[in-house]
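Source file: query.cif; contents: mmCIF, C-alpha atoms, pLDDT in the B column; chains and numbers go by the auth columns.
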```cif
data_work
#
loop_
_atom_site.group_PDB
_atom_site.id
_atom_site.type_symbol
_atom_site.label_atom_id
_atom_site.label_comp_id
_atom_site.label_asym_id
_atom_site.label_seq_id
_atom_site.Cartn_x
_atom_site.Cartn_y
_atom_site.Cartn_z
_atom_site.B_iso_or_equiv
_atom_site.auth_seq_id
_atom_site.auth_asym_id
ATOM 1 C CA MET A 1 109.607 97.194 70.677 84.00 1 X
ATOM 2 C CA GLU A 2 108.062 95.785 73.832 92.00 2 X
ATOM 3 C CA ILE A 3 109.718 94.026 76.739 94.00 3 X
ATOM 4 C CA ALA A 4 107.839 91.098 78.194 92.00 4 X
ATOM 5 C CA LEU A 5 107.129 91.718 81.869 95.00 5 X
ATOM 6 C CA SER A 6 105.327 89.251 84.071 96.00 6 X
ATOM 7 C CA LEU A 7 103.267 90.224 87.094 96.00 7 X
ATOM 8 C CA ASP A 8 105.756 88.326 89.250 97.00 8 X
ATOM 9 C CA GLN A 9 108.600 90.480 87.910 97.00 9 X
ATOM 10 C CA LEU A 10 106.634 93.662 88.560 97.00 10 X
ATOM 11 C CA ARG A 11 105.756 92.449 92.038 98.00 11 X
ATOM 12 C CA GLN A 12 109.389 91.771 92.910 98.00 12 X
ATOM 13 C CA LEU A 13 110.332 95.211 91.586 98.00 13 X
ATOM 14 C CA SER A 14 107.560 96.772 93.682 98.00 14 X
ATOM 15 C CA LEU A 15 108.652 94.988 96.855 98.00 15 X
ATOM 16 C CA TRP A 16 112.263 96.061 96.398 98.00 16 X
ATOM 17 C CA SER A 17 111.197 99.611 95.514 98.00 17 X
ATOM 18 C CA ALA A 18 108.986 99.771 98.614 98.00 18 X
ATOM 19 C CA ASP A 19 111.889 98.577 100.756 98.00 19 X
ATOM 20 C CA CYS A 20 114.155 101.235 99.230 98.00 20 X
ATOM 21 C CA ALA A 21 111.612 104.023 99.708 98.00 21 X
ATOM 22 C CA GLU A 22 110.982 102.961 103.281 98.00 22 X
ATOM 23 C CA ARG A 23 114.646 103.707 104.048 98.00 23 X
ATOM 24 C CA ALA A 24 113.828 107.403 103.488 98.00 24 X
ATOM 25 C CA LEU A 25 110.440 107.469 105.193 98.00 25 X
ATOM 26 C CA PRO A 26 111.880 108.625 108.565 98.00 26 X
ATOM 27 C CA VAL A 27 113.295 111.669 106.773 98.00 27 X
ATOM 28 C CA TYR A 28 109.803 112.640 105.630 98.00 28 X
ATOM 29 C CA GLU A 29 108.052 111.752 108.853 98.00 29 X
ATOM 30 C CA ALA A 30 110.519 113.796 110.928 98.00 30 X
ATOM 31 C CA VAL A 31 109.227 116.875 109.101 98.00 31 X
ATOM 32 C CA SER A 32 105.577 115.865 108.605 98.00 32 X
ATOM 33 C CA PRO A 33 104.789 113.236 111.228 97.00 33 X
ATOM 34 C CA ASP A 34 101.020 113.394 110.696 97.00 34 X
ATOM 35 C CA ASP A 35 101.097 113.083 106.893 98.00 35 X
ATOM 36 C CA ARG A 36 100.670 109.422 105.970 98.00 36 X
ATOM 37 C CA ARG A 37 100.577 109.860 102.185 98.00 37 X
ATOM 38 C CA PRO A 38 104.151 108.703 101.476 98.00 38 X
ATOM 39 C CA ARG A 39 103.727 105.773 103.896 98.00 39 X
ATOM 40 C CA GLU A 40 100.461 104.821 102.179 98.00 40 X
ATOM 41 C CA ALA A 41 102.169 104.843 98.761 98.00 41 X
ATOM 42 C CA ILE A 42 104.810 102.463 100.095 98.00 42 X
ATOM 43 C CA GLU A 43 102.158 100.259 101.688 98.00 43 X
ATOM 44 C CA VAL A 44 100.145 99.881 98.465 98.00 44 X
ATOM 45 C CA ALA A 45 103.332 99.078 96.538 98.00 45 X
ATOM 46 C CA ARG A 46 104.079 96.395 99.100 98.00 46 X
ATOM 47 C CA GLU A 47 100.501 95.051 98.896 98.00 47 X
ATOM 48 C CA PHE A 48 100.806 94.731 95.126 98.00 48 X
ATOM 49 C CA GLY A 49 104.200 93.074 95.536 98.00 49 X
ATOM 50 C CA ALA A 50 102.700 90.557 97.949 97.00 50 X
ATOM 51 C CA GLY A 51 100.181 89.414 95.348 97.00 51 X
ATOM 52 C CA GLY A 52 97.566 92.147 95.232 96.00 52 X
ATOM 53 C CA ASN A 53 96.069 93.560 92.070 94.00 53 X
ATOM 54 C CA ARG A 54 97.147 96.698 90.289 92.00 54 X
ATOM 55 C CA THR A 55 94.258 98.941 91.161 92.00 55 X
ATOM 56 C CA LYS A 56 93.352 102.583 91.154 95.00 56 X
ATOM 57 C CA ALA A 57 94.415 102.651 94.821 96.00 57 X
ATOM 58 C CA ILE A 58 98.072 102.407 93.775 97.00 58 X
ATOM 59 C CA ARG A 59 97.792 105.362 91.433 96.00 59 X
ATOM 60 C CA THR A 60 95.774 107.340 93.985 98.00 60 X
ATOM 61 C CA ALA A 61 98.405 106.710 96.671 98.00 61 X
ATOM 62 C CA ALA A 62 101.192 107.669 94.255 98.00 62 X
ATOM 63 C CA TRP A 63 99.408 110.947 93.469 98.00 63 X
ATOM 64 C CA GLY A 64 98.931 111.552 97.173 98.00 64 X
ATOM 65 C CA ALA A 65 102.644 111.085 97.847 98.00 65 X
ATOM 66 C CA LEU A 66 103.459 113.358 94.904 98.00 66 X
ATOM 67 C CA ASN A 67 101.200 116.031 96.365 98.00 67 X
ATOM 68 C CA ALA A 68 102.931 115.574 99.724 98.00 68 X
ATOM 69 C CA ALA A 69 106.292 116.090 97.995 98.00 69 X
ATOM 70 C CA GLY A 70 105.024 119.314 96.471 98.00 70 X
ATOM 71 C CA GLU A 71 103.613 120.621 99.731 98.00 71 X
ATOM 72 C CA VAL A 72 106.567 120.037 102.054 98.00 72 X
ATOM 73 C CA ALA A 73 109.114 122.838 102.323 97.00 73 X
ATOM 74 C CA ASP A 74 112.070 120.646 103.317 98.00 74 X
ATOM 75 C CA PRO A 75 114.105 119.372 100.314 98.00 75 X
ATOM 76 C CA ALA A 76 115.123 116.137 102.066 98.00 76 X
ATOM 77 C CA ALA A 77 111.514 115.386 102.986 98.00 77 X
ATOM 78 C CA GLU A 78 110.455 116.163 99.424 98.00 78 X
ATOM 79 C CA ALA A 79 112.983 113.641 98.093 98.00 79 X
ATOM 80 C CA ALA A 80 111.757 111.059 100.595 98.00 80 X
ATOM 81 C CA ALA A 81 108.162 111.555 99.423 98.00 81 X
ATOM 82 C CA ARG A 82 109.328 111.199 95.818 98.00 82 X
ATOM 83 C CA ALA A 83 110.927 107.874 96.756 98.00 83 X
ATOM 84 C CA ALA A 84 107.465 106.753 97.886 98.00 84 X
ATOM 85 C CA VAL A 85 105.957 107.973 94.595 98.00 85 X
ATOM 86 C CA ALA A 86 108.554 105.935 92.716 98.00 86 X
ATOM 87 C CA ALA A 87 107.807 102.851 94.797 98.00 87 X
ATOM 88 C CA ALA A 88 104.101 103.012 93.959 98.00 88 X
ATOM 89 C CA GLY A 89 104.875 103.827 90.336 96.00 89 X
ATOM 90 C CA SER A 90 107.092 100.775 89.953 97.00 90 X
ATOM 91 C CA ALA A 91 103.952 98.631 89.694 96.00 91 X
ATOM 92 C CA TYR A 92 103.296 100.405 86.404 94.00 92 X
ATOM 93 C CA LEU A 93 106.673 99.948 84.714 95.00 93 X
ATOM 94 C CA HIS A 94 105.833 100.079 81.012 94.00 94 X
ATOM 95 C CA PRO A 95 106.980 97.294 78.714 94.00 95 X
ATOM 96 C CA LEU A 96 108.270 99.864 76.204 93.00 96 X
ATOM 97 C CA ALA A 97 111.948 99.438 75.385 93.00 97 X
ATOM 98 C CA ALA A 98 112.618 103.084 76.215 94.00 98 X
ATOM 99 C CA ALA A 99 115.459 104.592 78.223 94.00 99 X
ATOM 100 C CA THR A 100 112.937 106.704 80.142 93.00 100 X
ATOM 101 C CA GLN A 101 111.512 103.566 81.780 95.00 101 X
ATOM 102 C CA VAL A 102 114.732 102.924 83.723 96.00 102 X
ATOM 103 C CA LYS A 103 113.739 105.647 86.195 95.00 103 X
ATOM 104 C CA HIS A 104 110.800 103.439 87.227 95.00 104 X
ATOM 105 C CA ILE A 105 113.279 100.740 88.189 98.00 105 X
ATOM 106 C CA VAL A 106 115.878 102.798 90.079 98.00 106 X
ATOM 107 C CA GLY A 107 113.710 105.745 91.157 98.00 107 X
ATOM 108 C CA ALA A 108 112.840 104.669 94.684 98.00 108 X
ATOM 109 C CA ALA A 109 116.447 103.859 95.560 98.00 109 X
ATOM 110 C CA GLN A 110 117.704 106.992 93.823 98.00 110 X
ATOM 111 C CA TYR A 111 115.357 109.321 95.691 98.00 111 X
ATOM 112 C CA ALA A 112 115.887 107.516 98.998 98.00 112 X
ATOM 113 C CA ALA A 113 119.650 108.038 98.683 98.00 113 X
ATOM 114 C CA TYR A 114 119.098 111.668 97.718 98.00 114 X
ATOM 115 C CA ALA A 115 116.809 112.215 100.711 98.00 115 X
ATOM 116 C CA HIS A 116 119.516 110.847 102.988 98.00 116 X
ATOM 117 C CA GLU A 117 122.124 113.102 101.418 98.00 117 X
ATOM 118 C CA LEU A 118 119.962 116.209 101.767 98.00 118 X
ATOM 119 C CA ALA A 119 119.283 115.266 105.405 98.00 119 X
ATOM 120 C CA GLY A 120 123.031 115.117 106.110 98.00 120 X
ATOM 121 C CA ARG A 121 123.140 111.340 106.152 97.00 121 X
ATOM 122 C CA ASP A 122 125.215 108.926 104.075 97.00 122 X
ATOM 123 C CA PRO A 123 123.602 108.403 100.649 97.00 123 X
ATOM 124 C CA GLU A 124 126.154 105.725 99.787 97.00 124 X
ATOM 125 C CA ALA A 125 124.818 103.557 102.609 97.00 125 X
ATOM 126 C CA VAL A 126 121.388 103.612 100.942 98.00 126 X
ATOM 127 C CA VAL A 127 122.895 102.860 97.530 98.00 127 X
ATOM 128 C CA ARG A 128 124.869 99.919 98.932 97.00 128 X
ATOM 129 C CA TRP A 129 121.829 98.650 100.808 98.00 129 X
ATOM 130 C CA ALA A 130 119.703 98.792 97.644 98.00 130 X
ATOM 131 C CA ILE A 131 122.320 97.032 95.526 97.00 131 X
ATOM 132 C CA GLU A 132 122.916 94.314 98.093 97.00 132 X
ATOM 133 C CA ARG A 133 119.202 93.549 98.395 97.00 133 X
ATOM 134 C CA VAL A 134 118.021 93.822 94.803 97.00 134 X
ATOM 135 C CA PRO A 135 116.347 90.614 93.633 97.00 135 X
ATOM 136 C CA PRO A 136 118.076 88.973 90.647 96.00 136 X
ATOM 137 C CA VAL A 137 114.871 89.352 88.633 96.00 137 X
ATOM 138 C CA VAL A 138 115.066 93.144 88.965 97.00 138 X
ATOM 139 C CA ARG A 139 118.606 93.076 87.583 97.00 139 X
ATOM 140 C CA ASP A 140 117.328 90.933 84.709 96.00 140 X
ATOM 141 C CA VAL A 141 114.455 93.309 83.962 97.00 141 X
ATOM 142 C CA LEU A 142 116.770 96.334 84.014 97.00 142 X
ATOM 143 C CA ARG A 143 119.208 94.695 81.585 96.00 143 X
ATOM 144 C CA ARG A 144 116.426 94.336 79.015 96.00 144 X
ATOM 145 C CA TYR A 145 115.973 98.117 78.857 97.00 145 X
ATOM 146 C CA PRO A 146 118.299 100.505 77.048 96.00 146 X
ATOM 147 C CA ASP A 147 120.586 102.649 79.175 95.00 147 X
ATOM 148 C CA GLY A 148 118.690 105.288 81.109 93.00 148 X
ATOM 149 C CA THR A 149 118.886 109.036 80.583 88.00 149 X
ATOM 150 C CA PRO A 150 119.578 110.390 84.067 87.00 150 X
ATOM 151 C CA GLY A 151 120.716 113.926 83.290 87.00 151 X
ATOM 152 C CA ARG A 152 123.587 115.855 84.873 92.00 152 X
ATOM 153 C CA SER A 153 122.229 116.641 88.321 95.00 153 X
ATOM 154 C CA ARG A 154 123.130 114.981 91.606 96.00 154 X
ATOM 155 C CA LEU A 155 120.006 112.857 91.169 96.00 155 X
ATOM 156 C CA GLY A 156 121.381 111.876 87.777 96.00 156 X
ATOM 157 C CA GLU A 157 124.660 110.814 89.371 96.00 157 X
ATOM 158 C CA LEU A 158 122.794 108.604 91.843 97.00 158 X
ATOM 159 C CA HIS A 159 120.725 107.179 88.977 96.00 159 X
ATOM 160 C CA ARG A 160 123.879 106.340 86.995 96.00 160 X
ATOM 161 C CA GLN A 161 125.532 104.771 90.022 97.00 161 X
ATOM 162 C CA LEU A 162 122.540 102.554 90.756 97.00 162 X
ATOM 163 C CA GLU A 163 121.862 101.643 87.147 97.00 163 X
ATOM 164 C CA SER A 164 125.490 100.766 86.480 97.00 164 X
ATOM 165 C CA ALA A 165 125.744 98.574 89.562 97.00 165 X
ATOM 166 C CA LEU A 166 122.433 96.843 88.896 97.00 166 X
ATOM 167 C CA ARG A 167 123.414 96.022 85.315 96.00 167 X
ATOM 168 C CA GLN A 168 126.402 94.079 86.640 92.00 168 X
ATOM 169 C CA PRO A 169 126.124 90.341 87.334 84.00 169 X
ATOM 170 C CA SER A 170 124.941 89.492 90.835 78.00 170 X
ATOM 171 C CA PRO A 171 127.825 88.935 93.222 70.00 171 X
ATOM 172 C CA SER A 172 128.146 85.255 94.075 59.00 172 X
#
```

Show this structure as structure tokens.
Amino acid sequence: MEIALSLDQLRQLSLWSADCAERALPVYEAVSPDDRRPREAIEVAREFGAGGNRTKAIRTAAWGALNAAGEVADPAAEAAARAAVAAAGSAYLHPLAAATQVKHIVGAAQYAAYAHELAGRDPEAVVRWAIERVPPVVRDVLRRYPDGTPGRSRLGELHRQLESALRQPSPS
């Protein structure tokens, strides 16, 4: 079964994901100040969200940020780079009604919170920030997917927390 996704919905998801990932960017840049790959992944996600096309540049930037995550020795910086990967990847949320797709919706916020936690900062502040600023359309898109499969790790706990909160009606 497929889920209908408009470009506008994907763009709003990408903008929110870029905003979430950007919350963790200082964690990465404190360790690797000259490596722009995670920043570039966030920038291309934002460009798509602002009306740009889904191009190879998004995938290339996502791969670059993933390579940055694999090359950095600091776990908090790695998580921050993975938040950037998730932001760029959000432009390619698949319309398949599969639980595995939920990670493309919550991934940037999840990894940003994890990066903050590993850096000795408050992950709950990132989670609250993400929930408070999520566009209603992202909540709507998430509700059309089956429940995610986050696993039993700390990342899984953050995934569950975000997914559960985002499936709730928007506070009025």

Requested in this report: Work out how far atom CA of Gly52 of chain X is from atom CA of Pro38 of chain X, in Å to one decimal.
Outcome: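 Going from atom CA of Pro38 of chain X over to atom CA of Gly52 of chain X, I get 18.9 Å.
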
- Message: Applying the PyMOL selection byres ((chain X and resi 73-88) around 8) to the file I just gave you, which residues come out? Please list them as a ChimeraX atom specification.
- Response: /X:14,17-18,20-22,24-25,27-29,31,38-39,41-42,44-45,58-59,61-63,65-66,68-72,89-91,104,107-112,114-119

Keeping only C-alpha atoms, write those residues as a short mmCIF file (atom, residue, chain, number, x, y, z; two decimals), in the frame of the given file.
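And here is the file that came out, selection07.cif:
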```cif
data_model
loop_
_atom_site.label_atom_id
_atom_site.label_comp_id
_atom_site.auth_asym_id
_atom_site.auth_seq_id
_atom_site.Cartn_x
_atom_site.Cartn_y
_atom_site.Cartn_z
CA SER X 14 107.56 96.77 93.68
CA SER X 17 111.20 99.61 95.51
CA ALA X 18 108.99 99.77 98.61
CA CYS X 20 114.16 101.24 99.23
CA ALA X 21 111.61 104.02 99.71
CA GLU X 22 110.98 102.96 103.28
CA ALA X 24 113.83 107.40 103.49
CA LEU X 25 110.44 107.47 105.19
CA VAL X 27 113.30 111.67 106.77
CA TYR X 28 109.80 112.64 105.63
CA GLU X 29 108.05 111.75 108.85
CA VAL X 31 109.23 116.88 109.10
CA PRO X 38 104.15 108.70 101.48
CA ARG X 39 103.73 105.77 103.90
CA ALA X 41 102.17 104.84 98.76
CA ILE X 42 104.81 102.46 100.10
CA VAL X 44 100.14 99.88 98.46
CA ALA X 45 103.33 99.08 96.54
CA ILE X 58 98.07 102.41 93.78
CA ARG X 59 97.79 105.36 91.43
CA ALA X 61 98.40 106.71 96.67
CA ALA X 62 101.19 107.67 94.26
CA TRP X 63 99.41 110.95 93.47
CA ALA X 65 102.64 111.08 97.85
CA LEU X 66 103.46 113.36 94.90
CA ALA X 68 102.93 115.57 99.72
CA ALA X 69 106.29 116.09 98.00
CA GLY X 70 105.02 119.31 96.47
CA GLU X 71 103.61 120.62 99.73
CA VAL X 72 106.57 120.04 102.05
CA GLY X 89 104.88 103.83 90.34
CA SER X 90 107.09 100.78 89.95
CA ALA X 91 103.95 98.63 89.69
CA HIS X 104 110.80 103.44 87.23
CA GLY X 107 113.71 105.74 91.16
CA ALA X 108 112.84 104.67 94.68
CA ALA X 109 116.45 103.86 95.56
CA GLN X 110 117.70 106.99 93.82
CA TYR X 111 115.36 109.32 95.69
CA ALA X 112 115.89 107.52 99.00
CA TYR X 114 119.10 111.67 97.72
CA ALA X 115 116.81 112.22 100.71
CA HIS X 116 119.52 110.85 102.99
CA GLU X 117 122.12 113.10 101.42
CA LEU X 118 119.96 116.21 101.77
CA ALA X 119 119.28 115.27 105.40
#
```

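For Ala98 of chain X, the non-local neighbours within 12 Å, defined as residues at least 5 positions apart in the same chain or in other chains and counting all atoms listed in the file, are Met1, Glu2, Ile3, Leu93, Lys103, His104, Leu142, Arg143, Arg144, Tyr145, Pro146, Asp147, Gly148 and Thr149 of chain X.
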
*Could you tell me which of X:Pro171, X:Leu5, X:Glu43, X:Val127 comes closest to Ala57 of chain X if we count only C-alpha atoms?*
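So, comparing all the options, the nearest one is X:Glu43.
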
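The space separating atom CA of Pro123 of chain X from atom CA of Ala50 of chain X comes to 27.6 Å.
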
For this session: Rank nothing, just name the residue among X:Thr100, X:Ser170, X:Ser32, X:Asn53 nearest to Pro135 of chain X, using all atoms listed in the file.
Result: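 So, comparing all the options, the nearest one is X:Ser170.
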
Please enumerate the residues selected by the PyMOL selection byres ((chain X and resi 155) around 10) when evaluated against the supplied file, formatted as a PyMOL selection string.
chain X and resi 79+107+110-111+113-114+150-154+156-161

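Restricting the calculation to all atoms listed in the file, the smallest distance between Glu132 of chain X and any of X:Ile105, X:Leu96, X:Leu7, X:Ala165 is found for X:Ala165.
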
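Nearest to Ala97 of chain X of all the residues X:Arg133, X:Val141, X:Thr55, X:Ser6 is X:Val141, counting all atoms listed in the file.
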
Restricting the calculation to all atoms listed in the file: of X:Gln168, X:Arg54, X:Glu47, X:Asp19, which residue gets closest to Val126 of chain X?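 Closest residue, counting all atoms listed in the file: X:Asp19.
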
As a check of understanding: the span from atom CA of Leu13 of chain X to atom CA of Val138 of chain X is 5.8 Å

* Pick from X:Asp140, X:Gln101, X:Leu162, X:Thr60: nearest to Arg128 of chain X, with only C-alpha atoms counted? ->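 Result for the nearest residue to Arg128 of chain X: X:Leu162.
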
At the level of N, CA and C atoms, write segment 131-159 of chain X to a file as a PDB file, in the first residue's frame, please.
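Listing of decode-v4.pdb after writing:
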```
ATOM      1  N   ILE X 131       9.039  19.032  19.088  1.00  0.00           N
ATOM      2  CA  ILE X 131       7.595  18.800  19.183  1.00  0.00           C
ATOM      3  C   ILE X 131       6.831  20.111  19.100  1.00  0.00           C
ATOM      4  N   GLU X 132       7.339  21.127  19.749  1.00  0.00           N
ATOM      5  CA  GLU X 132       6.661  22.425  19.743  1.00  0.00           C
ATOM      6  C   GLU X 132       6.661  23.077  18.364  1.00  0.00           C
ATOM      7  N   ARG X 133       7.637  22.748  17.535  1.00  0.00           N
ATOM      8  CA  ARG X 133       7.782  23.431  16.249  1.00  0.00           C
ATOM      9  C   ARG X 133       7.415  22.582  15.046  1.00  0.00           C
ATOM     10  N   VAL X 134       6.947  21.366  15.281  1.00  0.00           N
ATOM     11  CA  VAL X 134       6.598  20.509  14.144  1.00  0.00           C
ATOM     12  C   VAL X 134       5.380  21.086  13.409  1.00  0.00           C
ATOM     13  N   PRO X 135       5.453  21.180  12.097  1.00  0.00           N
ATOM     14  CA  PRO X 135       4.285  21.647  11.347  1.00  0.00           C
ATOM     15  C   PRO X 135       3.155  20.612  11.430  1.00  0.00           C
ATOM     16  N   PRO X 136       1.918  21.068  11.476  1.00  0.00           N
ATOM     17  CA  PRO X 136       0.789  20.118  11.522  1.00  0.00           C
ATOM     18  C   PRO X 136       0.823  19.099  10.386  1.00  0.00           C
ATOM     19  N   VAL X 137       1.306  19.486   9.227  1.00  0.00           N
ATOM     20  CA  VAL X 137       1.344  18.553   8.099  1.00  0.00           C
ATOM     21  C   VAL X 137       2.287  17.384   8.382  1.00  0.00           C
ATOM     22  N   VAL X 138       3.350  17.617   9.129  1.00  0.00           N
ATOM     23  CA  VAL X 138       4.267  16.521   9.461  1.00  0.00           C
ATOM     24  C   VAL X 138       3.574  15.545  10.402  1.00  0.00           C
ATOM     25  N   ARG X 139       2.822  16.059  11.350  1.00  0.00           N
ATOM     26  CA  ARG X 139       2.032  15.172  12.224  1.00  0.00           C
ATOM     27  C   ARG X 139       1.074  14.334  11.383  1.00  0.00           C
ATOM     28  N   ASP X 140       0.422  14.978  10.417  1.00  0.00           N
ATOM     29  CA  ASP X 140      -0.539  14.282   9.563  1.00  0.00           C
ATOM     30  C   ASP X 140       0.149  13.186   8.756  1.00  0.00           C
ATOM     31  N   VAL X 141       1.296  13.491   8.183  1.00  0.00           N
ATOM     32  CA  VAL X 141       2.031  12.496   7.404  1.00  0.00           C
ATOM     33  C   VAL X 141       2.411  11.318   8.297  1.00  0.00           C
ATOM     34  N   LEU X 142       2.951  11.600   9.471  1.00  0.00           N
ATOM     35  CA  LEU X 142       3.359  10.527  10.383  1.00  0.00           C
ATOM     36  C   LEU X 142       2.182   9.617  10.730  1.00  0.00           C
ATOM     37  N   ARG X 143       1.029  10.186  10.978  1.00  0.00           N
ATOM     38  CA  ARG X 143      -0.139   9.382  11.374  1.00  0.00           C
ATOM     39  C   ARG X 143      -0.591   8.427  10.281  1.00  0.00           C
ATOM     40  N   ARG X 144      -0.211   8.675   9.048  1.00  0.00           N
ATOM     41  CA  ARG X 144      -0.598   7.784   7.953  1.00  0.00           C
ATOM     42  C   ARG X 144       0.293   6.548   7.865  1.00  0.00           C
ATOM     43  N   TYR X 145       1.418   6.573   8.572  1.00  0.00           N
ATOM     44  CA  TYR X 145       2.328   5.422   8.571  1.00  0.00           C
ATOM     45  C   TYR X 145       2.030   4.526   9.765  1.00  0.00           C
ATOM     46  N   PRO X 146       2.340   3.232   9.627  1.00  0.00           N
ATOM     47  CA  PRO X 146       2.205   2.357  10.802  1.00  0.00           C
ATOM     48  C   PRO X 146       3.242   2.746  11.858  1.00  0.00           C
ATOM     49  N   ASP X 147       3.019   2.288  13.073  1.00  0.00           N
ATOM     50  CA  ASP X 147       3.970   2.570  14.147  1.00  0.00           C
ATOM     51  C   ASP X 147       5.368   2.131  13.741  1.00  0.00           C
ATOM     52  N   GLY X 148       6.341   2.954  14.109  1.00  0.00           N
ATOM     53  CA  GLY X 148       7.732   2.676  13.780  1.00  0.00           C
ATOM     54  C   GLY X 148       8.284   1.504  14.571  1.00  0.00           C
ATOM     55  N   THR X 149       9.479   1.093  14.193  1.00  0.00           N
ATOM     56  CA  THR X 149      10.174  -0.011  14.865  1.00  0.00           C
ATOM     57  C   THR X 149      11.528   0.497  15.370  1.00  0.00           C
ATOM     58  N   PRO X 150      11.512   1.192  16.509  1.00  0.00           N
ATOM     59  CA  PRO X 150      12.716   1.886  16.958  1.00  0.00           C
ATOM     60  C   PRO X 150      13.784   1.035  17.631  1.00  0.00           C
ATOM     61  N   GLY X 151      13.483  -0.149  18.058  1.00  0.00           N
ATOM     62  CA  GLY X 151      14.480  -0.952  18.759  1.00  0.00           C
ATOM     63  C   GLY X 151      14.531  -0.609  20.246  1.00  0.00           C
ATOM     64  N   ARG X 152      15.493  -1.200  20.941  1.00  0.00           N
ATOM     65  CA  ARG X 152      15.559  -1.089  22.403  1.00  0.00           C
ATOM     66  C   ARG X 152      16.697  -0.229  22.921  1.00  0.00           C
ATOM     67  N   SER X 153      17.376   0.454  22.052  1.00  0.00           N
ATOM     68  CA  SER X 153      18.506   1.290  22.465  1.00  0.00           C
ATOM     69  C   SER X 153      18.019   2.641  22.985  1.00  0.00           C
ATOM     70  N   ARG X 154      18.945   3.456  23.420  1.00  0.00           N
ATOM     71  CA  ARG X 154      18.610   4.825  23.826  1.00  0.00           C
ATOM     72  C   ARG X 154      18.067   5.610  22.637  1.00  0.00           C
ATOM     73  N   LEU X 155      18.635   5.388  21.458  1.00  0.00           N
ATOM     74  CA  LEU X 155      18.087   6.012  20.251  1.00  0.00           C
ATOM     75  C   LEU X 155      16.650   5.574  20.033  1.00  0.00           C
ATOM     76  N   GLY X 156      16.379   4.308  20.287  1.00  0.00           N
ATOM     77  CA  GLY X 156      15.016   3.793  20.167  1.00  0.00           C
ATOM     78  C   GLY X 156      14.064   4.476  21.134  1.00  0.00           C
ATOM     79  N   GLU X 157      14.541   4.722  22.350  1.00  0.00           N
ATOM     80  CA  GLU X 157      13.701   5.428  23.332  1.00  0.00           C
ATOM     81  C   GLU X 157      13.372   6.837  22.849  1.00  0.00           C
ATOM     82  N   LEU X 158      14.357   7.528  22.297  1.00  0.00           N
ATOM     83  CA  LEU X 158      14.113   8.876  21.775  1.00  0.00           C
ATOM     84  C   LEU X 158      13.145   8.822  20.590  1.00  0.00           C
ATOM     85  N   HIS X 159      13.319   7.819  19.737  1.00  0.00           N
ATOM     86  CA  HIS X 159      12.409   7.625  18.603  1.00  0.00           C
ATOM     87  C   HIS X 159      10.972   7.457  19.107  1.00  0.00           C
TER      88      HIS X 159
END
```
